[in-house]
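Worksheet: the structure to be examined is printed underneath.
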Amino acid sequence: MHARLVDRSPMVPADQLVAQMVPPAMFDEVSFASYIPDPAEPSQTAAVQKAEEFAKKVAKIRDGGRRGLFGRKTQAAGAGLYLDGGFGVGKTHLLASIFHSVPAPKAMGTFVELTHVVGALGFNKVVEELSDHSVVCIDEFELDDPGDTMLISRLLSELSARGVSIVATSNTLPGQLGEGRFAAQDFLREIKKLGSIFETIRVDGPDYRHRDLPPAPDPMTSAELVERAECIPGATLDNFDELCKHLGTLHPSRYNKLVEGIPAVFLDEIHPAQDQSVALRLVVLADRLYDAGIPVAVSGAKLDSIFTPEMLAGGYRKKYLRATSRLLALSRFEVAAS
């Protein structure tokens with residue numbers, strides 16, 4: 001009998017929520033030196049240089065401080081760096097490289113992960129947990145929920161005042177210059193209290209996940225999917241609708257543990273998501289699968305059809321495009337059978 005994700009209901013102790021804010025496994029060994037800039041995109045070379053300079057600044061801020069009245073040492077405010085660019089240009093690579101280059105304690109997670117941690121622990125507890133960190137690295141900063149944006153902006157203000165440096169990335173939709181484009185001016189406007197500390201760096205280039213790669217692979221038949229899954233010890237095989245229902249019973253902060261240690265995920269009878277809440281849970285799942293580098297294979301519809309045209313035209317377009325890009329990348333991973 002094959003394993004199923006729907007049979008897993010992991011618990012994450014509160015004291016581990018901040019501790020698990022580290023780079024995804026695929027970025028464990030990255031560095032500034034291992035980032036290979038595209039010769040056709042000079043902004044990438046400049047971004048590496050700026051990221052290295054920022055890492056050095058973080059270390060100085062945390063080790064330093066300044067002498068105030070009567071010679072007392074006061075903590076300098078944290079520095080800020082914002083990496084703005086399209087999908088798959090290596091911003092997360094640079095973010096993780098900064099993380100690896102600065103003193104501990106430090107934290108790295110996506111914007112969504114950070115909002116989930118605040119929701120689970122409470123605002124004051126998160127400030128307390130992170131206030132001794134040298135840096136908080138936030139991947140995929142998002143502005144599509146005003147409440148979350150205000151919450152995280154306030155959190156970053158509190159942390160910066162305590163000497164915690166902040167580095168954030170976002171995705172700018174290629175070719176989208178009008179409404180909905182997430183760019184530097186939007187980011188700085190929404191974090192008004194912090195805008196002055198952020199240096200903005202643009203990272204241009206094509207999505208490396210799609211360079212010279214074919215479109216979404218054709219789905220397998222259900223019989224082929226079962227046969228393939230049973231050849232891989234530890235792989236999971238789930239009905240798509242059952243998995244979507246199960247995701248609704250778990251706090252998103254637990255999705256990381258949900259897929260932990262799984263060598264491959266097989267999804268049977270996938271189809272376009274029925275509503276926005278289901279689609280947004282699938283976005284978080286796609287992020288956790290991608291972070292862990294877990295191959296994905298499906299039957300039913302193609303992976304690039306999970307999010308409907310109406311969803312892709314709405315306010316969460318950026319999330320859905322990122323999730324699609326990541327799922328397609330995972331679908332091209334080779335799954336080793338025993």
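Going through the structure tokens in order, the chains are called A, B, and so on, while each chain numbers its residues from 1 and the ligands are numbered from 1 in the order shown.
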
Selection: 7 Å around region 28-44 of chain A, only C-alpha atoms, excl. self and same-chain fewer than 2 positions, as JSON, numbers by chain: {"A": [23, 24, 25, 26, 46, 47, 48, 93, 94, 96, 97, 202, 203, 204, 205]}

Just-selected residues, N, CA and C atoms written as a JSON list (two decimals), in the first residue's frame:
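Final output, saved to part_2.json:
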```json
[["chain", "number", "residue", "atom", "x", "y", "z"],
["A", 23, "PRO", "N", 17.24, 28.68, 5.01],
["A", 23, "PRO", "CA", 17.10, 28.50, 3.56],
["A", 23, "PRO", "C", 16.62, 27.10, 3.20],
["A", 24, "PRO", "N", 15.86, 26.98, 2.12],
["A", 24, "PRO", "CA", 15.47, 25.65, 1.63],
["A", 24, "PRO", "C", 16.71, 24.80, 1.37],
["A", 25, "ALA", "N", 16.53, 23.48, 1.45],
["A", 25, "ALA", "CA", 17.66, 22.56, 1.33],
["A", 25, "ALA", "C", 18.46, 22.78, 0.05],
["A", 26, "MET", "N", 17.79, 23.14, -1.04],
["A", 26, "MET", "CA", 18.51, 23.33, -2.30],
["A", 26, "MET", "C", 19.45, 24.53, -2.28],
["A", 46, "ALA", "N", 26.06, 43.27, -10.87],
["A", 46, "ALA", "CA", 25.95, 44.37, -9.91],
["A", 46, "ALA", "C", 25.23, 43.92, -8.65],
["A", 47, "ALA", "N", 24.21, 43.07, -8.81],
["A", 47, "ALA", "CA", 23.45, 42.60, -7.66],
["A", 47, "ALA", "C", 24.30, 41.74, -6.74],
["A", 48, "VAL", "N", 25.17, 40.90, -7.30],
["A", 48, "VAL", "CA", 26.06, 40.08, -6.49],
["A", 48, "VAL", "C", 26.98, 40.97, -5.65],
["A", 93, "HIS", "N", 18.85, 32.76, -4.47],
["A", 93, "HIS", "CA", 20.26, 32.36, -4.36],
["A", 93, "HIS", "C", 21.04, 33.46, -3.63],
["A", 94, "LEU", "N", 20.85, 34.71, -4.03],
["A", 94, "LEU", "CA", 21.54, 35.82, -3.39],
["A", 94, "LEU", "C", 21.08, 36.00, -1.95],
["A", 96, "ALA", "N", 19.94, 33.67, 0.09],
["A", 96, "ALA", "CA", 20.55, 32.60, 0.90],
["A", 96, "ALA", "C", 22.04, 32.84, 1.08],
["A", 97, "SER", "N", 22.70, 33.41, 0.09],
["A", 97, "SER", "CA", 24.13, 33.71, 0.21],
["A", 97, "SER", "C", 24.37, 34.74, 1.29],
["A", 202, "ARG", "N", 17.96, 46.12, -8.71],
["A", 202, "ARG", "CA", 17.19, 45.45, -9.74],
["A", 202, "ARG", "C", 17.99, 44.26, -10.28],
["A", 203, "VAL", "N", 17.33, 43.10, -10.42],
["A", 203, "VAL", "CA", 17.96, 41.90, -10.98],
["A", 203, "VAL", "C", 17.14, 41.47, -12.18],
["A", 204, "ASP", "N", 17.69, 41.64, -13.37],
["A", 204, "ASP", "CA", 16.98, 41.31, -14.61],
["A", 204, "ASP", "C", 17.43, 39.97, -15.16],
["A", 205, "GLY", "N", 16.63, 39.43, -16.08],
["A", 205, "GLY", "CA", 17.00, 38.20, -16.76],
["A", 205, "GLY", "C", 15.81, 37.29, -16.95]]
```

Which of A:Ile294, A:Ala323, A:Leu155, A:Ala51 sits closest to Leu83 (chain A) [using only C-alpha atoms]: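 Distance minimum relative to Leu83 (chain A) lands on A:Ala51.
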
Within 9 Å of region 113-125 of chain A, which residues of region 224-321 of chain A come that close, and what is the closest atom pair and distance in Å for each? Count only C-alpha atoms and give it as a tab-separated table.
```
residue	atom	partner	partner_atom	distance
A:His251	CA	A:His116	CA	8.2
A:Pro252	CA	A:His116	CA	7.0
A:Ser253	CA	A:His116	CA	5.9
A:Val284	CA	A:Glu113	CA	8.9
```

Those of region 290-322 of chain A in DSSP helix (DSSP H, G or I), formatted as a PyMOL selection string: chain A and resi 290-292+303-305+309-312+317-322

For Arg326 (chain A): contacts at 12 Å, only C-alpha atoms, fewer than 3 positions along chain excluded, given as number ranges by chain: A: 87-88, 207-210, 216, 282-296, 303-304, 319-323, 329-333
